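Data file: my_file-v7.txt. Format and content: compact mmCIF, all heavy atoms.
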```txt
# COMPACT_ATOMS: atom_id res chain seq x y z
N MET E 171 -3.44 -2.61 -9.45
CA MET E 171 -3.21 -1.21 -9.20
C MET E 171 -4.28 -0.62 -8.29
O MET E 171 -3.98 0.26 -7.53
CB MET E 171 -3.17 -0.47 -10.51
CG MET E 171 -2.00 0.45 -10.59
SD MET E 171 -1.70 0.97 -12.26
CE MET E 171 -1.86 2.69 -12.03
N TYR E 172 -5.49 -1.11 -8.42
CA TYR E 172 -6.56 -0.60 -7.57
C TYR E 172 -6.85 -1.60 -6.47
O TYR E 172 -7.01 -2.78 -6.72
CB TYR E 172 -7.83 -0.31 -8.38
CG TYR E 172 -7.67 0.93 -9.22
CD1 TYR E 172 -7.24 0.84 -10.52
CD2 TYR E 172 -7.91 2.18 -8.68
CE1 TYR E 172 -7.06 1.99 -11.28
CE2 TYR E 172 -7.74 3.32 -9.43
CZ TYR E 172 -7.32 3.21 -10.74
OH TYR E 172 -7.15 4.33 -11.48
N LEU E 173 -6.91 -1.10 -5.26
CA LEU E 173 -7.16 -1.94 -4.09
C LEU E 173 -8.51 -1.60 -3.50
O LEU E 173 -8.94 -0.44 -3.54
CB LEU E 173 -6.08 -1.71 -3.04
CG LEU E 173 -4.66 -2.04 -3.45
CD1 LEU E 173 -3.69 -1.60 -2.35
CD2 LEU E 173 -4.50 -3.52 -3.72
N ASN E 174 -9.15 -2.58 -2.94
CA ASN E 174 -10.39 -2.35 -2.21
C ASN E 174 -10.04 -1.79 -0.83
O ASN E 174 -8.93 -1.99 -0.33
CB ASN E 174 -11.16 -3.65 -2.07
CG ASN E 174 -11.75 -4.08 -3.38
OD1 ASN E 174 -12.46 -3.32 -4.03
ND2 ASN E 174 -11.44 -5.30 -3.80
N PRO E 175 -10.98 -1.10 -0.20
CA PRO E 175 -10.70 -0.48 1.10
C PRO E 175 -10.17 -1.47 2.14
O PRO E 175 -9.28 -1.13 2.91
CB PRO E 175 -12.04 0.10 1.53
CG PRO E 175 -12.78 0.33 0.26
CD PRO E 175 -12.33 -0.76 -0.67
N TRP E 176 -10.69 -2.69 2.16
CA TRP E 176 -10.23 -3.65 3.16
C TRP E 176 -8.79 -4.10 2.88
O TRP E 176 -8.14 -4.64 3.75
CB TRP E 176 -11.16 -4.86 3.23
CG TRP E 176 -11.41 -5.53 1.91
CD1 TRP E 176 -10.64 -6.48 1.31
CD2 TRP E 176 -12.52 -5.29 1.05
NE1 TRP E 176 -11.18 -6.84 0.11
CE2 TRP E 176 -12.35 -6.13 -0.08
CE3 TRP E 176 -13.64 -4.47 1.11
CZ2 TRP E 176 -13.26 -6.17 -1.13
CZ3 TRP E 176 -14.53 -4.51 0.06
CH2 TRP E 176 -14.34 -5.34 -1.04
N ASP E 177 -8.28 -3.84 1.67
CA ASP E 177 -6.90 -4.18 1.35
C ASP E 177 -5.91 -3.18 1.93
O ASP E 177 -4.75 -3.52 2.16
CB ASP E 177 -6.70 -4.25 -0.16
CG ASP E 177 -7.48 -5.36 -0.82
OD1 ASP E 177 -7.59 -6.44 -0.20
OD2 ASP E 177 -7.96 -5.16 -1.94
N TYR E 178 -6.34 -1.93 2.12
CA TYR E 178 -5.39 -0.91 2.55
C TYR E 178 -5.77 -0.15 3.82
O TYR E 178 -4.97 0.65 4.33
CB TYR E 178 -5.11 0.09 1.43
CG TYR E 178 -6.29 0.94 0.99
CD1 TYR E 178 -6.62 2.09 1.70
CD2 TYR E 178 -7.04 0.61 -0.11
CE1 TYR E 178 -7.69 2.89 1.30
CE2 TYR E 178 -8.10 1.41 -0.52
CZ TYR E 178 -8.42 2.54 0.19
OH TYR E 178 -9.45 3.33 -0.20
N ALA E 179 -6.93 -0.39 4.39
CA ALA E 179 -7.38 0.38 5.56
C ALA E 179 -6.41 0.28 6.74
O ALA E 179 -6.05 1.29 7.35
CB ALA E 179 -8.77 -0.05 5.98
N ALA E 180 -5.96 -0.91 7.07
CA ALA E 180 -5.02 -1.07 8.19
C ALA E 180 -3.67 -0.43 7.86
O ALA E 180 -3.01 0.12 8.73
CB ALA E 180 -4.84 -2.54 8.52
N GLY E 181 -3.29 -0.50 6.59
CA GLY E 181 -2.03 0.11 6.17
C GLY E 181 -2.00 1.61 6.37
O GLY E 181 -0.96 2.19 6.69
N ILE E 182 -3.15 2.26 6.20
CA ILE E 182 -3.24 3.71 6.44
C ILE E 182 -2.84 4.01 7.88
O ILE E 182 -2.02 4.89 8.15
CB ILE E 182 -4.67 4.24 6.17
CG1 ILE E 182 -4.99 4.19 4.69
CG2 ILE E 182 -4.81 5.67 6.69
CD1 ILE E 182 -6.44 4.53 4.37
N LEU E 183 -3.41 3.26 8.80
CA LEU E 183 -3.12 3.48 10.22
C LEU E 183 -1.65 3.22 10.53
O LEU E 183 -1.02 3.98 11.26
CB LEU E 183 -4.01 2.59 11.08
CG LEU E 183 -5.50 2.85 10.98
CD1 LEU E 183 -6.26 1.80 11.77
CD2 LEU E 183 -5.85 4.24 11.45
N LEU E 184 -1.11 2.16 9.99
CA LEU E 184 0.29 1.81 10.27
C LEU E 184 1.26 2.84 9.71
O LEU E 184 2.19 3.29 10.39
CB LEU E 184 0.61 0.43 9.70
CG LEU E 184 -0.07 -0.74 10.37
CD1 LEU E 184 0.15 -2.02 9.57
CD2 LEU E 184 0.44 -0.90 11.78
N ILE E 185 1.06 3.23 8.47
CA ILE E 185 1.98 4.17 7.82
C ILE E 185 1.88 5.55 8.46
O ILE E 185 2.89 6.16 8.78
CB ILE E 185 1.72 4.22 6.30
CG1 ILE E 185 2.15 2.90 5.68
CG2 ILE E 185 2.47 5.39 5.67
CD1 ILE E 185 1.77 2.75 4.23
N GLN E 186 0.67 6.04 8.67
CA GLN E 186 0.53 7.35 9.30
C GLN E 186 1.01 7.34 10.74
O GLN E 186 1.62 8.30 11.21
CB GLN E 186 -0.92 7.83 9.21
CG GLN E 186 -1.32 8.20 7.80
CD GLN E 186 -2.77 8.62 7.69
OE1 GLN E 186 -3.61 8.30 8.53
NE2 GLN E 186 -3.08 9.34 6.63
N GLY E 187 0.77 6.25 11.44
CA GLY E 187 1.23 6.14 12.83
C GLY E 187 2.74 6.16 12.94
O GLY E 187 3.30 6.59 13.96
N ALA E 188 3.42 5.68 11.90
CA ALA E 188 4.88 5.66 11.89
C ALA E 188 5.46 6.96 11.33
O ALA E 188 6.67 7.08 11.18
CB ALA E 188 5.37 4.48 11.07
N GLY E 189 4.59 7.92 10.99
CA GLY E 189 5.06 9.20 10.47
C GLY E 189 5.17 9.26 8.97
O GLY E 189 5.72 10.21 8.41
N GLY E 190 4.65 8.25 8.27
CA GLY E 190 4.71 8.22 6.82
C GLY E 190 3.54 8.93 6.19
O GLY E 190 2.72 9.56 6.86
N GLN E 191 3.49 8.80 4.87
CA GLN E 191 2.44 9.46 4.11
C GLN E 191 1.82 8.44 3.17
O GLN E 191 2.51 7.61 2.58
CB GLN E 191 3.04 10.61 3.31
CG GLN E 191 2.03 11.46 2.60
CD GLN E 191 2.67 12.68 1.95
OE1 GLN E 191 3.87 12.88 2.02
NE2 GLN E 191 1.87 13.48 1.30
N ILE E 192 0.51 8.52 3.00
CA ILE E 192 -0.20 7.60 2.12
C ILE E 192 -1.26 8.38 1.34
O ILE E 192 -2.00 9.19 1.91
CB ILE E 192 -0.81 6.42 2.91
CG1 ILE E 192 -1.33 5.35 1.98
CG2 ILE E 192 -1.82 6.87 3.91
CD1 ILE E 192 -1.57 4.02 2.65
N THR E 193 -1.25 8.21 0.02
CA THR E 193 -2.19 8.90 -0.86
C THR E 193 -2.55 7.95 -2.00
O THR E 193 -2.05 6.84 -2.08
CB THR E 193 -1.58 10.18 -1.47
OG1 THR E 193 -0.48 9.81 -2.32
CG2 THR E 193 -1.12 11.16 -0.42
N ASP E 194 -3.36 8.47 -2.94
CA ASP E 194 -3.54 7.73 -4.19
C ASP E 194 -2.42 8.13 -5.14
O ASP E 194 -1.54 8.92 -4.78
CB ASP E 194 -4.94 7.95 -4.77
CG ASP E 194 -5.19 9.36 -5.27
OD1 ASP E 194 -4.25 10.18 -5.34
OD2 ASP E 194 -6.35 9.66 -5.60
N PHE E 195 -2.42 7.63 -6.36
CA PHE E 195 -1.33 7.89 -7.30
C PHE E 195 -1.26 9.35 -7.74
O PHE E 195 -0.24 9.79 -8.25
CB PHE E 195 -1.47 7.00 -8.53
CG PHE E 195 -0.85 5.63 -8.39
CD1 PHE E 195 -0.78 5.00 -7.16
CD2 PHE E 195 -0.36 4.97 -9.49
CE1 PHE E 195 -0.23 3.73 -7.03
CE2 PHE E 195 0.19 3.71 -9.38
CZ PHE E 195 0.26 3.09 -8.14
N THR E 196 -2.34 10.11 -7.54
CA THR E 196 -2.32 11.51 -7.93
C THR E 196 -1.98 12.43 -6.75
O THR E 196 -1.93 13.63 -6.90
CB THR E 196 -3.67 11.94 -8.52
OG1 THR E 196 -4.69 11.82 -7.52
CG2 THR E 196 -4.03 11.11 -9.74
N GLY E 197 -1.76 11.85 -5.57
CA GLY E 197 -1.40 12.64 -4.40
C GLY E 197 -2.58 13.06 -3.55
O GLY E 197 -2.42 13.77 -2.56
N LYS E 198 -3.78 12.61 -3.91
CA LYS E 198 -4.97 12.97 -3.13
C LYS E 198 -5.14 12.02 -1.95
O LYS E 198 -4.72 10.86 -2.00
CB LYS E 198 -6.22 12.90 -4.02
CG LYS E 198 -6.22 13.92 -5.12
CD LYS E 198 -7.46 13.78 -5.96
CE LYS E 198 -7.39 14.74 -7.14
NZ LYS E 198 -8.48 14.51 -8.08
N SER E 199 -5.78 12.50 -0.91
CA SER E 199 -6.06 11.68 0.26
C SER E 199 -6.94 10.50 -0.12
O SER E 199 -7.78 10.60 -1.02
CB SER E 199 -6.78 12.50 1.33
OG SER E 199 -5.96 13.52 1.80
N LEU E 200 -6.73 9.39 0.57
CA LEU E 200 -7.53 8.20 0.30
C LEU E 200 -8.87 8.28 1.01
O LEU E 200 -8.97 8.80 2.11
CB LEU E 200 -6.79 6.96 0.79
CG LEU E 200 -5.51 6.61 0.06
CD1 LEU E 200 -4.81 5.46 0.75
CD2 LEU E 200 -5.78 6.27 -1.39
N ASP E 201 -9.88 7.75 0.37
CA ASP E 201 -11.19 7.60 0.97
C ASP E 201 -11.37 6.13 1.26
O ASP E 201 -11.54 5.33 0.33
CB ASP E 201 -12.28 8.09 0.02
CG ASP E 201 -13.67 7.99 0.61
OD1 ASP E 201 -13.83 7.39 1.70
OD2 ASP E 201 -14.60 8.52 -0.02
N PRO E 202 -11.27 5.71 2.53
CA PRO E 202 -11.33 4.28 2.84
C PRO E 202 -12.68 3.62 2.53
O PRO E 202 -12.84 2.45 2.78
CB PRO E 202 -11.02 4.22 4.33
CG PRO E 202 -11.08 5.58 4.85
CD PRO E 202 -11.05 6.53 3.69
N ARG E 203 -13.60 4.35 1.95
CA ARG E 203 -14.87 3.76 1.53
C ARG E 203 -14.86 3.39 0.05
O ARG E 203 -15.82 2.84 -0.46
CB ARG E 203 -16.01 4.73 1.81
CG ARG E 203 -16.19 5.01 3.29
CD ARG E 203 -17.15 6.13 3.51
NE ARG E 203 -16.53 7.35 2.99
CZ ARG E 203 -17.10 8.54 2.95
NH1 ARG E 203 -18.32 8.69 3.39
NH2 ARG E 203 -16.46 9.57 2.48
N LYS E 204 -13.75 3.73 -0.66
CA LYS E 204 -13.70 3.51 -2.10
C LYS E 204 -12.42 2.77 -2.50
O LYS E 204 -11.38 2.92 -1.87
CB LYS E 204 -13.71 4.85 -2.83
CG LYS E 204 -14.95 5.66 -2.61
CD LYS E 204 -14.88 6.96 -3.36
CE LYS E 204 -16.12 7.81 -3.11
NZ LYS E 204 -16.04 9.10 -3.78
N ALA E 205 -12.50 2.03 -3.59
CA ALA E 205 -11.31 1.40 -4.15
C ALA E 205 -10.41 2.49 -4.70
O ALA E 205 -10.88 3.54 -5.15
CB ALA E 205 -11.71 0.43 -5.25
N SER E 206 -9.11 2.26 -4.64
CA SER E 206 -8.19 3.29 -5.07
C SER E 206 -6.81 2.71 -5.34
O SER E 206 -6.49 1.61 -4.91
CB SER E 206 -8.07 4.36 -3.97
OG SER E 206 -7.23 5.40 -4.40
N SER E 207 -6.01 3.47 -6.07
CA SER E 207 -4.59 3.17 -6.15
C SER E 207 -3.96 3.73 -4.87
O SER E 207 -4.46 4.69 -4.31
CB SER E 207 -3.98 3.85 -7.38
OG SER E 207 -4.18 5.24 -7.33
N VAL E 208 -2.90 3.11 -4.39
CA VAL E 208 -2.34 3.48 -3.09
C VAL E 208 -0.83 3.63 -3.19
O VAL E 208 -0.15 2.76 -3.74
CB VAL E 208 -2.69 2.43 -2.02
CG1 VAL E 208 -2.07 2.79 -0.68
CG2 VAL E 208 -4.18 2.28 -1.88
N VAL E 209 -0.33 4.75 -2.65
CA VAL E 209 1.10 4.97 -2.54
C VAL E 209 1.40 5.27 -1.08
O VAL E 209 0.85 6.22 -0.52
CB VAL E 209 1.57 6.17 -3.41
CG1 VAL E 209 3.04 6.42 -3.24
CG2 VAL E 209 1.22 5.94 -4.87
N GLY E 210 2.25 4.48 -0.47
CA GLY E 210 2.64 4.69 0.91
C GLY E 210 4.15 4.79 1.02
O GLY E 210 4.86 3.94 0.47
N THR E 211 4.63 5.82 1.69
CA THR E 211 6.08 6.02 1.83
C THR E 211 6.40 6.53 3.23
O THR E 211 5.50 6.79 4.03
CB THR E 211 6.62 7.06 0.83
OG1 THR E 211 6.13 8.36 1.19
CG2 THR E 211 6.25 6.74 -0.60
N ASN E 212 7.69 6.74 3.47
CA ASN E 212 8.12 7.29 4.75
C ASN E 212 7.81 8.79 4.85
O ASN E 212 8.06 9.40 5.87
CB ASN E 212 9.61 7.04 4.97
CG ASN E 212 10.48 7.71 3.93
OD1 ASN E 212 10.00 8.45 3.09
ND2 ASN E 212 11.76 7.43 3.99
N GLY E 213 7.31 9.38 3.81
CA GLY E 213 6.97 10.80 3.80
C GLY E 213 8.05 11.66 3.15
O GLY E 213 7.75 12.64 2.50
N TYR E 214 9.29 11.27 3.28
CA TYR E 214 10.40 12.05 2.74
C TYR E 214 10.53 11.90 1.23
O TYR E 214 10.97 12.82 0.54
CB TYR E 214 11.73 11.65 3.39
CG TYR E 214 11.76 11.90 4.88
CD1 TYR E 214 11.76 10.85 5.78
CD2 TYR E 214 11.77 13.20 5.38
CE1 TYR E 214 11.77 11.08 7.14
CE2 TYR E 214 11.77 13.44 6.74
CZ TYR E 214 11.78 12.38 7.61
OH TYR E 214 11.79 12.60 8.96
N VAL E 215 10.16 10.76 0.71
CA VAL E 215 10.31 10.49 -0.72
C VAL E 215 8.98 10.48 -1.46
O VAL E 215 8.92 10.15 -2.64
CB VAL E 215 11.05 9.15 -0.95
CG1 VAL E 215 12.43 9.18 -0.35
CG2 VAL E 215 10.25 7.99 -0.40
N HIS E 216 7.92 10.85 -0.79
CA HIS E 216 6.57 10.71 -1.36
C HIS E 216 6.39 11.51 -2.64
O HIS E 216 5.94 10.97 -3.65
CB HIS E 216 5.52 11.11 -0.31
CG HIS E 216 4.18 10.53 -0.60
ND1 HIS E 216 3.84 9.25 -0.26
CD2 HIS E 216 3.09 11.05 -1.22
CE1 HIS E 216 2.61 8.99 -0.64
NE2 HIS E 216 2.12 10.07 -1.23
N ALA E 217 6.74 12.77 -2.62
CA ALA E 217 6.55 13.61 -3.81
C ALA E 217 7.37 13.09 -4.99
O ALA E 217 6.87 13.05 -6.12
CB ALA E 217 6.92 15.06 -3.50
N GLU E 218 8.58 12.67 -4.72
CA GLU E 218 9.43 12.15 -5.80
C GLU E 218 8.88 10.85 -6.37
O GLU E 218 8.89 10.65 -7.58
CB GLU E 218 10.85 11.94 -5.28
CG GLU E 218 11.86 11.66 -6.35
CD GLU E 218 12.04 12.81 -7.34
OE1 GLU E 218 11.90 13.97 -6.95
OE2 GLU E 218 12.33 12.52 -8.52
N LEU E 219 8.39 9.97 -5.50
CA LEU E 219 7.81 8.71 -5.98
C LEU E 219 6.57 8.96 -6.82
O LEU E 219 6.36 8.33 -7.85
CB LEU E 219 7.49 7.79 -4.80
CG LEU E 219 6.88 6.44 -5.17
CD1 LEU E 219 7.80 5.66 -6.10
CD2 LEU E 219 6.58 5.64 -3.92
N LEU E 220 5.74 9.91 -6.41
CA LEU E 220 4.55 10.23 -7.21
C LEU E 220 4.95 10.74 -8.59
O LEU E 220 4.32 10.36 -9.59
CB LEU E 220 3.69 11.28 -6.49
CG LEU E 220 2.93 10.79 -5.27
CD1 LEU E 220 2.24 11.96 -4.58
CD2 LEU E 220 1.96 9.70 -5.61
N LYS E 221 5.99 11.56 -8.68
CA LYS E 221 6.47 12.04 -9.98
C LYS E 221 6.89 10.87 -10.86
O LYS E 221 6.55 10.82 -12.05
CB LYS E 221 7.66 12.97 -9.81
CG LYS E 221 7.33 14.34 -9.34
CD LYS E 221 8.60 15.17 -9.31
CE LYS E 221 8.49 16.30 -8.34
NZ LYS E 221 9.76 17.02 -8.18
N ILE E 222 7.62 9.93 -10.29
CA ILE E 222 8.08 8.76 -11.06
C ILE E 222 6.90 7.93 -11.51
O ILE E 222 6.85 7.49 -12.67
CB ILE E 222 9.06 7.93 -10.21
CG1 ILE E 222 10.35 8.71 -9.99
CG2 ILE E 222 9.33 6.59 -10.86
CD1 ILE E 222 11.27 8.12 -8.94
N LEU E 223 5.94 7.69 -10.64
CA LEU E 223 4.79 6.87 -11.00
C LEU E 223 3.94 7.52 -12.09
O LEU E 223 3.42 6.83 -12.97
CB LEU E 223 3.93 6.62 -9.76
CG LEU E 223 4.54 5.70 -8.72
CD1 LEU E 223 3.68 5.69 -7.46
CD2 LEU E 223 4.70 4.29 -9.27
N LEU E 224 3.80 8.82 -12.05
CA LEU E 224 2.96 9.51 -13.02
C LEU E 224 3.67 9.76 -14.34
O LEU E 224 3.04 9.78 -15.39
CB LEU E 224 2.45 10.83 -12.44
CG LEU E 224 1.46 10.69 -11.30
CD1 LEU E 224 1.13 12.06 -10.71
CD2 LEU E 224 0.20 10.00 -11.76
N ASN E 225 4.98 9.98 -14.29
CA ASN E 225 5.72 10.36 -15.50
C ASN E 225 6.61 9.26 -16.05
O ASN E 225 7.19 9.43 -17.11
CB ASN E 225 6.56 11.61 -15.24
CG ASN E 225 5.71 12.78 -14.84
OD1 ASN E 225 4.63 12.97 -15.37
ND2 ASN E 225 6.17 13.57 -13.89
N GLY E 226 6.74 8.17 -15.33
CA GLY E 226 7.55 7.05 -15.80
C GLY E 226 9.00 7.17 -15.58
O GLY E 226 9.71 7.88 -15.14
```
How does the structure come out when it is put into structure tokens?
Amino acid sequence: MYLNPWDYAAGILLIQGAGGQITDFTGKSLDPRKASSVVGTNGYVHAELLKILLNG
């Protein structure tokens, strides 16, 4: 569930470059200097996916 920065740093660039959205499981921006949970989507379903992840 938790990834190190080197596991997701390139993914941030790819997803944001394609117009998507990437946050941690609580919807906060990622800090690429810290390990974190990561949610990446096309941006349209991001809020709904976060609700499902947090509430089951």
> How far is it from atom CB of E:Ala205 to atom CG2 of E:Ile192, in Å with one decimal?
Replying inline: 14.9 Å
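Using only C-alpha atoms for every distance, the candidate list E:Phe195, E:Ile182, E:Asp177, E:Gly187 yields E:Phe195 as the residue closest to E:Val208.
Distance-wise, atom CA of E:Asn174 and atom CA of E:Lys204 end up 6.7 Å apart.
Non-sequential neighbours of stretch 218-225 of chain E (distance at most 4.5 Å, separation of 3 or more positions within a chain, all atoms listed in the file) are Thr193, Asp194, Phe195, Thr196, Gly197, Val209, Thr211 and Val215 of chain E.
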Save the residues we just selected, all heavy atoms, as a PDB file, in the coordinates of the input?
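As a result, again03.pdb now contains:
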```
ATOM      1  N   THR E 193      -1.250   8.210   0.020  1.00  0.00           N
ATOM      2  CA  THR E 193      -2.190   8.900  -0.860  1.00  0.00           C
ATOM      3  C   THR E 193      -2.550   7.950  -2.000  1.00  0.00           C
ATOM      4  O   THR E 193      -2.050   6.840  -2.080  1.00  0.00           O
ATOM      5  CB  THR E 193      -1.580  10.180  -1.470  1.00  0.00           C
ATOM      6  OG1 THR E 193      -0.480   9.810  -2.320  1.00  0.00           O
ATOM      7  CG2 THR E 193      -1.120  11.160  -0.420  1.00  0.00           C
ATOM      8  N   ASP E 194      -3.360   8.470  -2.940  1.00  0.00           N
ATOM      9  CA  ASP E 194      -3.540   7.730  -4.190  1.00  0.00           C
ATOM     10  C   ASP E 194      -2.420   8.130  -5.140  1.00  0.00           C
ATOM     11  O   ASP E 194      -1.540   8.920  -4.780  1.00  0.00           O
ATOM     12  CB  ASP E 194      -4.940   7.950  -4.770  1.00  0.00           C
ATOM     13  CG  ASP E 194      -5.190   9.360  -5.270  1.00  0.00           C
ATOM     14  OD1 ASP E 194      -4.250  10.180  -5.340  1.00  0.00           O
ATOM     15  OD2 ASP E 194      -6.350   9.660  -5.600  1.00  0.00           O
ATOM     16  N   PHE E 195      -2.420   7.630  -6.360  1.00  0.00           N
ATOM     17  CA  PHE E 195      -1.330   7.890  -7.300  1.00  0.00           C
ATOM     18  C   PHE E 195      -1.260   9.350  -7.740  1.00  0.00           C
ATOM     19  O   PHE E 195      -0.240   9.790  -8.250  1.00  0.00           O
ATOM     20  CB  PHE E 195      -1.470   7.000  -8.530  1.00  0.00           C
ATOM     21  CG  PHE E 195      -0.850   5.630  -8.390  1.00  0.00           C
ATOM     22  CD1 PHE E 195      -0.780   5.000  -7.160  1.00  0.00           C
ATOM     23  CD2 PHE E 195      -0.360   4.970  -9.490  1.00  0.00           C
ATOM     24  CE1 PHE E 195      -0.230   3.730  -7.030  1.00  0.00           C
ATOM     25  CE2 PHE E 195       0.190   3.710  -9.380  1.00  0.00           C
ATOM     26  CZ  PHE E 195       0.260   3.090  -8.140  1.00  0.00           C
ATOM     27  N   THR E 196      -2.340  10.110  -7.540  1.00  0.00           N
ATOM     28  CA  THR E 196      -2.320  11.510  -7.930  1.00  0.00           C
ATOM     29  C   THR E 196      -1.980  12.430  -6.750  1.00  0.00           C
ATOM     30  O   THR E 196      -1.930  13.630  -6.900  1.00  0.00           O
ATOM     31  CB  THR E 196      -3.670  11.940  -8.520  1.00  0.00           C
ATOM     32  OG1 THR E 196      -4.690  11.820  -7.520  1.00  0.00           O
ATOM     33  CG2 THR E 196      -4.030  11.110  -9.740  1.00  0.00           C
ATOM     34  N   GLY E 197      -1.760  11.850  -5.570  1.00  0.00           N
ATOM     35  CA  GLY E 197      -1.400  12.640  -4.400  1.00  0.00           C
ATOM     36  C   GLY E 197      -2.580  13.060  -3.550  1.00  0.00           C
ATOM     37  O   GLY E 197      -2.420  13.770  -2.560  1.00  0.00           O
ATOM     38  N   VAL E 209      -0.330   4.750  -2.650  1.00  0.00           N
ATOM     39  CA  VAL E 209       1.100   4.970  -2.540  1.00  0.00           C
ATOM     40  C   VAL E 209       1.400   5.270  -1.080  1.00  0.00           C
ATOM     41  O   VAL E 209       0.850   6.220  -0.520  1.00  0.00           O
ATOM     42  CB  VAL E 209       1.570   6.170  -3.410  1.00  0.00           C
ATOM     43  CG1 VAL E 209       3.040   6.420  -3.240  1.00  0.00           C
ATOM     44  CG2 VAL E 209       1.220   5.940  -4.870  1.00  0.00           C
ATOM     45  N   THR E 211       4.630   5.820   1.690  1.00  0.00           N
ATOM     46  CA  THR E 211       6.080   6.020   1.830  1.00  0.00           C
ATOM     47  C   THR E 211       6.400   6.530   3.230  1.00  0.00           C
ATOM     48  O   THR E 211       5.500   6.790   4.030  1.00  0.00           O
ATOM     49  CB  THR E 211       6.620   7.060   0.830  1.00  0.00           C
ATOM     50  OG1 THR E 211       6.130   8.360   1.190  1.00  0.00           O
ATOM     51  CG2 THR E 211       6.250   6.740  -0.600  1.00  0.00           C
ATOM     52  N   VAL E 215      10.160  10.760   0.710  1.00  0.00           N
ATOM     53  CA  VAL E 215      10.310  10.490  -0.720  1.00  0.00           C
ATOM     54  C   VAL E 215       8.980  10.480  -1.460  1.00  0.00           C
ATOM     55  O   VAL E 215       8.920  10.150  -2.640  1.00  0.00           O
ATOM     56  CB  VAL E 215      11.050   9.150  -0.950  1.00  0.00           C
ATOM     57  CG1 VAL E 215      12.430   9.180  -0.350  1.00  0.00           C
ATOM     58  CG2 VAL E 215      10.250   7.990  -0.400  1.00  0.00           C
TER      59      VAL E 215
END
```
>> So, with all atoms listed in the file as the atoms that count, which of E:Ala180, E:Met171, E:Leu200, E:Ile185 lies closest to E:Asn212?
In response: E:Ile185
> Taking all atoms listed in the file into account, which of E:Tyr178, E:Arg203, E:Leu173, E:Gly213 comes nearest E:Gly190?
Replying inline: E:Gly213
> Mind checking DSSP for chain E and telling me the strand (DSSP E or B) residues as number ranges by chain?
Replying inline: E: 173, 191-193, 206, 209-211
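Residues of stretch 171-225 of chain E carrying a DSSP assignment of alpha helix (DSSP H), computed from the backbone, are Pro175, Trp176, Asp177, Tyr178, Ala179, Ala180, Gly181, Ile182, Leu183, Leu184, Ile185, Gln186, Gly187, His216, Ala217, Glu218, Leu219, Leu220, Lys221, Ile222, Leu223, Leu224 and Asn225 of chain E.
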